[in-house]
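Undergrad: Just passing along the structure, written as structure tokens.
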Amino acid sequence: MSVKLGRWWDQLRVRQKVWTVVLVLSLPLIAALAVHVTLIQRLLEVQQLSEQTFQARGQIRILQRLAVDVTSAFRGYLLTQQDEFLKPMEEAELKMGPTLARTIELVENVPGLATDIRGVSKRLSEILESKRALIQQARSGQMKDVMVYVRSGKGIALSDTIRQDLQAVEGKLVHRLRELDENETRLARQAFWGLLLAVGGGLALGLFSAGVLARSITTPLTLLHSSVVRLGGEAPQAEPVALPIRSSDEIGQLARAYEEMAGRIRRHILELEAINTIGNEINTIGPDGLDGLLWRITDRAVEMLQVDVCFVMLRDEKMGCWIVEAASGEWHDKLYKSVMLWEEFPVSVCAFETGQPAFEAGLRNDLRPAVVRRNLMGESILSIPLLSRDAPFGVLVLMQERKIRQEDWNLRLAKGFAGEAAIAISNARLYEAAQQKRKGLEVRLKQLEHLAETLAHDMKAPGERMEGLAALLLAKYGGKLDQEAKRVLALIQENGRILTERIETILEVVRVGSRHEAIEAVDPSLVIGDVLKSMAGELEARKVRVHVARELPMVPCHRAYLRQIFDNLISNAVKFSQSRPDPEIRIEARTKGDRVHFSVIDNGCGIPPQHRTRVFEPFFRTSASSAKGTGIGLTIVKRIVELYGGEVWIESSESPGTTVTFTLPVLGDLSPLRPRSIEAGQTAPPDARERHG
């Protein structure tokens with residue numbers, strides 16, 4: 001029975017299982033709730049009856065007091081003959097009617113009590129009538145008759161009867177109150193234990209339902225979740241482990257779908273790892289270059305795709321044919337660089353033109369002479385286009401000796417391998433083309449450098465001779481020449497000197513970047529110290545104050561080039577600050593990411609905004625500049641900074657002066673931190689300054 005029930009349960013859908021559990025859980029709870037509500041209603045009814053009975057008892061006591069008030073008022077009147085003593089009786093008469101009506105209303109549903117109350121009401125009416133008649137006789141002077149009635153004891157007997165009747169009614173009410181209290185206690189106890197039983201039963205059913213749902217829903221979902229986690233973290237296997245979920249509901253269907261998906265994912269992962277491994281191998285360009293790469297592609301394709309023959313054919317656009325660039329095994333020597341007719345491989349033509357793999361089986365059934373050579377290689381063929389930027393440039397041909405169906409080819413793996421092969425071939429072709437171009441550019445660059453140096457030397461010699469001949473003429477024939485001739489010779493001498501200096505500066509710019517030494521970790525503080533030491537005399541003469549930042553990070557560069565940068569920038573700052581009475585130069589550095597920004601700041605005449613870009617051009621000089629120089633210093637700085645991938649620019653500033661900033665790669669904070677404050681005339685080397693860790 002339990003087995004059949006389990007099978008029936010497993011065949012239910014998730015929604016049906018949930019509704020079944022809800023019904024199993026709800027019906028007993030609803031029944032328990034209905035019983036509890038019934039008990040509560042009965043308990044409320046008993047409490048209401050008890051309250052009514054208690055109120056009726058209170059009304060009986062009021063009637064007792066009213067009866068006493070009537071008797072006491074009558075006696076007081078007889079004794080004093082004063083109407084003042086009749087007020088309690090009059091008030092009692094007014095209250096008696098409503099009190100009796102309220103009492104009868106409260107005990108209406110109690111058998112016997114209503115009749116008793118009506119009897120008491122009748123007797124109270126009789127005693128009131130008799131008391132009023134006696135009072136009327138007394139007022140009319142018939143006191144003798146009144147006294148006769150009083151002495152007869154009828155009034156006292158009637159009063160005692162009324163009192164006894166009221167006590168009897170009160171006794172019945174007290175007895176009824178006890179019964180109601182007992183019923184109330186019993187119902188309250190039943191409601192409590194019923195509620196406790198309902199809660200316990202609900203908890204038990206809830207635990208049972210939770211267990212059923214956990215076994216049917218939660219546990220399978222947990223198994224699925226753990227399987228997904230393992231799928232993402234474990235080493236891929238050929239076949240996934242089946243999940244222990246046998247239900248045919250949505251979760252069971254999900255488990256079957258997951259098992260199928262996990263199997264596909266594992267197979268895909270294995271294929272991708274194989275493709276990645278093969279891709280890393282075939283993408284390595286060795287000394288054998290493109291030819292060796294193509295040969296490795298064909299051999300690895302045979303191993304990975306389990307085919308008999310593989311070869312790579314590239315399209316020759318000039319001849320309109322195929323060229324076999326590589327083949328696997330013994331076919332490489334037979335087919336290498338062979339020319340294949342375009343129509344000899346119609347499947348490859350289809351793959352090439354459509355950009356999609358193409359398949360054909362039963363090749364040897366085609367007896368055309370044009371395809372005899374192809375049929376020697378195999379019975380079935382799969383051609384996959386080799387694409388570069390979505391444009392085909394060749395095909396990867398896979399062949400089998402036996403006749404196989406299209407679905408027996410691992411097309412996904414073959415396409416992945418062909419994609420890796422296409423990338424490797426494209427990269428190898430680009431690499432070889434780049435190598436050839438680089439070699440040509442290197443040869444051309446050496447020729448241009450040699451030509452530049454040759455032209456510079458050829459131009460430098462006439463300039464030096466022109467300067468020397470002009471100086472010789474002035475020295476030898478200066479006394480015989482007039483002033484105009486002397487001026488012309490001096491001008492020729494000056495132009496010769498300028499021409500020689502220009503050629504020297506051109507050579508200096510050309511030589512930037514010609515160093516082949518390895519870069520080193522350079523401390524800018526030491527380089528700046530060397531520059532300031534060499535310029536100590538000039539700085540002292542012009543009373544220039546130089547402030548260098550305390551923290552200068554190490555930079556990877558050539559020490560001589562960094563010295564040339566700071567030498568040019570500090571020299572420019574000194575030249576363009578000479579008009580100031582208090583010339584001052586500050587050198588700062590700040591690190592931003594992987595770059596350090598050096599700034600050389602002066603308080604000189606500054607550079608107009610429209611010239612802040614052109615000052616880095618060779619031989620450019622601002623019209624406002626009166627300082628001497630070749631105009632090549634900032635050009636050299638720019639060439640050196642760009643050699644290390646940096647930038648140099650003139651920063652905008654509202655304050656007077658110029659701020660030249662350049663960037664270099666930062667090596668890290670390897671240099672010790674030192675105080676830097678160098679006044680004019682201080683030429684102590686950096687090593688002698690105080691160091692701070």
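Order determines the names: the first chain of the structure tokens is A, the second B, and so forth; residues in each chain are numbered 1 upward, and ligands are numbered 1 upward as they are shown.
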Which polymer residues have any atom within 12 Å of an atom of Leu39 in chain A, counting only C-alpha atoms, with same-chain residues fewer than 2 positions away left out, as a list in words?
TA: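 Counting only the stated atoms, we get Ala32, Leu33, Ala34, Val35, His36, Val37, Gln41, Arg42, Leu43, Leu44, Glu45, Val46, Asn183, Glu184, Thr185, Arg186, Leu187, Ala188, Arg189, Gln190, Ala191, Phe192, Trp193, Gly194 and Leu195 of chain A.
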Undergrad: With N, CA and C atoms retained, export the selected residues as a PDB file, in the first residue's frame.
TA:
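The resulting file, result15.pdb, is shown below:
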ATOM      1  N   ALA A  32     -11.065  21.486  13.974  1.00  0.00           N
ATOM      2  CA  ALA A  32     -10.711  21.886  15.338  1.00  0.00           C
ATOM      3  C   ALA A  32     -11.132  23.318  15.614  1.00  0.00           C
ATOM      4  N   LEU A  33     -10.978  24.170  14.621  1.00  0.00           N
ATOM      5  CA  LEU A  33     -11.375  25.564  14.790  1.00  0.00           C
ATOM      6  C   LEU A  33     -12.888  25.684  14.956  1.00  0.00           C
ATOM      7  N   ALA A  34     -13.666  24.875  14.191  1.00  0.00           N
ATOM      8  CA  ALA A  34     -15.125  24.915  14.319  1.00  0.00           C
ATOM      9  C   ALA A  34     -15.557  24.474  15.718  1.00  0.00           C
ATOM     10  N   VAL A  35     -14.963  23.385  16.216  1.00  0.00           N
ATOM     11  CA  VAL A  35     -15.292  22.919  17.572  1.00  0.00           C
ATOM     12  C   VAL A  35     -14.932  23.983  18.605  1.00  0.00           C
ATOM     13  N   HIS A  36     -13.760  24.578  18.428  1.00  0.00           N
ATOM     14  CA  HIS A  36     -13.330  25.604  19.382  1.00  0.00           C
ATOM     15  C   HIS A  36     -14.265  26.806  19.341  1.00  0.00           C
ATOM     16  N   VAL A  37     -14.698  27.200  18.157  1.00  0.00           N
ATOM     17  CA  VAL A  37     -15.623  28.338  18.049  1.00  0.00           C
ATOM     18  C   VAL A  37     -16.943  28.006  18.724  1.00  0.00           C
ATOM     19  N   GLN A  41     -18.621  29.976  21.752  1.00  0.00           N
ATOM     20  CA  GLN A  41     -19.974  30.541  21.712  1.00  0.00           C
ATOM     21  C   GLN A  41     -20.797  30.087  22.922  1.00  0.00           C
ATOM     22  N   ARG A  42     -20.715  28.795  23.242  1.00  0.00           N
ATOM     23  CA  ARG A  42     -21.437  28.302  24.421  1.00  0.00           C
ATOM     24  C   ARG A  42     -20.920  28.959  25.686  1.00  0.00           C
ATOM     25  N   LEU A  43     -19.615  29.140  25.743  1.00  0.00           N
ATOM     26  CA  LEU A  43     -19.037  29.799  26.915  1.00  0.00           C
ATOM     27  C   LEU A  43     -19.532  31.234  27.027  1.00  0.00           C
ATOM     28  N   LEU A  44     -19.635  31.907  25.912  1.00  0.00           N
ATOM     29  CA  LEU A  44     -20.154  33.278  25.937  1.00  0.00           C
ATOM     30  C   LEU A  44     -21.625  33.303  26.350  1.00  0.00           C
ATOM     31  N   GLU A  45     -22.395  32.298  25.863  1.00  0.00           N
ATOM     32  CA  GLU A  45     -23.809  32.248  26.255  1.00  0.00           C
ATOM     33  C   GLU A  45     -23.941  32.034  27.761  1.00  0.00           C
ATOM     34  N   VAL A  46     -23.149  31.117  28.318  1.00  0.00           N
ATOM     35  CA  VAL A  46     -23.191  30.857  29.764  1.00  0.00           C
ATOM     36  C   VAL A  46     -22.791  32.109  30.534  1.00  0.00           C
ATOM     37  N   ASN A 183     -20.785  25.327  34.793  1.00  0.00           N
ATOM     38  CA  ASN A 183     -20.794  25.157  33.328  1.00  0.00           C
ATOM     39  C   ASN A 183     -19.707  25.993  32.659  1.00  0.00           C
ATOM     40  N   GLU A 184     -19.552  27.205  33.157  1.00  0.00           N
ATOM     41  CA  GLU A 184     -18.536  28.095  32.558  1.00  0.00           C
ATOM     42  C   GLU A 184     -17.133  27.519  32.750  1.00  0.00           C
ATOM     43  N   THR A 185     -16.873  27.008  33.962  1.00  0.00           N
ATOM     44  CA  THR A 185     -15.557  26.414  34.223  1.00  0.00           C
ATOM     45  C   THR A 185     -15.317  25.198  33.336  1.00  0.00           C
ATOM     46  N   ARG A 186     -16.351  24.354  33.202  1.00  0.00           N
ATOM     47  CA  ARG A 186     -16.217  23.156  32.372  1.00  0.00           C
ATOM     48  C   ARG A 186     -15.974  23.529  30.901  1.00  0.00           C
ATOM     49  N   LEU A 187     -16.727  24.503  30.399  1.00  0.00           N
ATOM     50  CA  LEU A 187     -16.552  24.927  29.000  1.00  0.00           C
ATOM     51  C   LEU A 187     -15.189  25.577  28.778  1.00  0.00           C
ATOM     52  N   ALA A 188     -14.736  26.368  29.742  1.00  0.00           N
ATOM     53  CA  ALA A 188     -13.416  26.999  29.610  1.00  0.00           C
ATOM     54  C   ALA A 188     -12.318  25.948  29.574  1.00  0.00           C
ATOM     55  N   ARG A 189     -12.463  24.908  30.430  1.00  0.00           N
ATOM     56  CA  ARG A 189     -11.480  23.832  30.432  1.00  0.00           C
ATOM     57  C   ARG A 189     -11.499  23.078  29.097  1.00  0.00           C
ATOM     58  N   GLN A 190     -12.697  22.821  28.585  1.00  0.00           N
ATOM     59  CA  GLN A 190     -12.811  22.134  27.296  1.00  0.00           C
ATOM     60  C   GLN A 190     -12.205  22.976  26.164  1.00  0.00           C
ATOM     61  N   ALA A 191     -12.457  24.306  26.210  1.00  0.00           N
ATOM     62  CA  ALA A 191     -11.903  25.187  25.172  1.00  0.00           C
ATOM     63  C   ALA A 191     -10.381  25.220  25.235  1.00  0.00           C
ATOM     64  N   PHE A 192      -9.839  25.249  26.472  1.00  0.00           N
ATOM     65  CA  PHE A 192      -8.383  25.282  26.615  1.00  0.00           C
ATOM     66  C   PHE A 192      -7.744  24.017  26.070  1.00  0.00           C
ATOM     67  N   TRP A 193      -8.257  22.864  26.542  1.00  0.00           N
ATOM     68  CA  TRP A 193      -7.660  21.609  26.076  1.00  0.00           C
ATOM     69  C   TRP A 193      -7.926  21.375  24.596  1.00  0.00           C
ATOM     70  N   GLY A 194      -9.076  21.842  24.127  1.00  0.00           N
ATOM     71  CA  GLY A 194      -9.334  21.724  22.691  1.00  0.00           C
ATOM     72  C   GLY A 194      -8.370  22.565  21.874  1.00  0.00           C
ATOM     73  N   LEU A 195      -8.120  23.803  22.366  1.00  0.00           N
ATOM     74  CA  LEU A 195      -7.165  24.665  21.663  1.00  0.00           C
ATOM     75  C   LEU A 195      -5.765  24.066  21.708  1.00  0.00           C
TER      76      LEU A 195
END
Undergrad: Select from range 469-603 of chain A everything DSSP, run on the backbone, classes as helix (DSSP H, G or I), then give the selection as JSON, numbers by chain.
TA: {"A": [469, 470, 471, 472, 473, 474, 475, 476, 477, 478, 479, 480, 483, 484, 485, 486, 487, 488, 489, 490, 491, 492, 493, 494, 495, 496, 497, 498, 499, 500, 501, 502, 503, 504, 505, 506, 507, 508, 509, 510, 511, 524, 525, 526, 527, 528, 529, 530, 531, 532, 533, 534, 536, 537, 538, 539, 540, 541, 542, 559, 560, 561, 562, 563, 564, 565, 566, 567, 568, 569, 570, 571, 572, 573, 574, 575]}
Undergrad: Find, counting only C-alpha atoms, the residue in A:Ala327, A:Leu491, A:Ala101, A:Met261 that gets nearest to Ser227 in chain A.
TA: A:Met261
Undergrad: For Cys321 in chain A, please output as a list of chain:residue names all residues within 7 Å (counting only C-alpha atoms; exclusion window: fewer than 3 positions along the same chain).
TA: A:Arg315, A:Asp316, A:Val339, A:Met340, A:Leu341, A:Trp342
Undergrad: Give the answer as one residue: which of A:Met313, A:Ile425, A:Leu173, A:Leu411 has the shortest atom-to-atom distance to Leu290 in chain A, using only C-alpha atoms?
TA: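 Smallest separation from Leu290 in chain A among the options: A:Ile425.
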Undergrad: Which residue gives the smallest distance to Val110 in chain A among A:Leu49, A:Val148, A:Asp83, A:Leu78, with only C-alpha atoms counted?
TA: A:Leu49
Undergrad: With distances taken over only C-alpha atoms, which of A:Arg612, A:Arg545, A:Arg364, A:Lys334 is nearest to Val648 in chain A?
TA: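 Closest residue, counting only C-alpha atoms: A:Arg612.
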Undergrad: Applying 6 Å and only C-alpha atoms, which residues near Ser328 in chain A remain after dropping the ones on its own chain fewer than 3 positions away? List them as a PyMOL selection string.
TA: chain A and resi 298-299+310+331-332
Undergrad: Output N, CA and C atoms of each residue in that selection to a file, as a JSON list (two decimals), in the first residue's frame.
TA:
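Written file, out.json:
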[["chain", "number", "residue", "atom", "x", "y", "z"],
["A", 298, "THR", "N", 47.76, 20.75, -38.94],
["A", 298, "THR", "CA", 47.23, 19.54, -39.57],
["A", 298, "THR", "C", 47.45, 18.31, -38.69],
["A", 299, "ASP", "N", 48.62, 18.20, -38.08],
["A", 299, "ASP", "CA", 48.89, 17.04, -37.23],
["A", 299, "ASP", "C", 47.99, 17.03, -35.99],
["A", 310, "CYS", "N", 44.21, 15.45, -42.87],
["A", 310, "CYS", "CA", 43.86, 16.86, -42.72],
["A", 310, "CYS", "C", 44.86, 17.68, -43.52],
["A", 331, "TRP", "N", 51.17, 12.73, -46.26],
["A", 331, "TRP", "CA", 50.61, 13.57, -47.31],
["A", 331, "TRP", "C", 51.28, 14.93, -47.39],
["A", 332, "HIS", "N", 51.99, 15.32, -46.36],
["A", 332, "HIS", "CA", 52.63, 16.64, -46.40],
["A", 332, "HIS", "C", 53.67, 16.72, -47.52]]
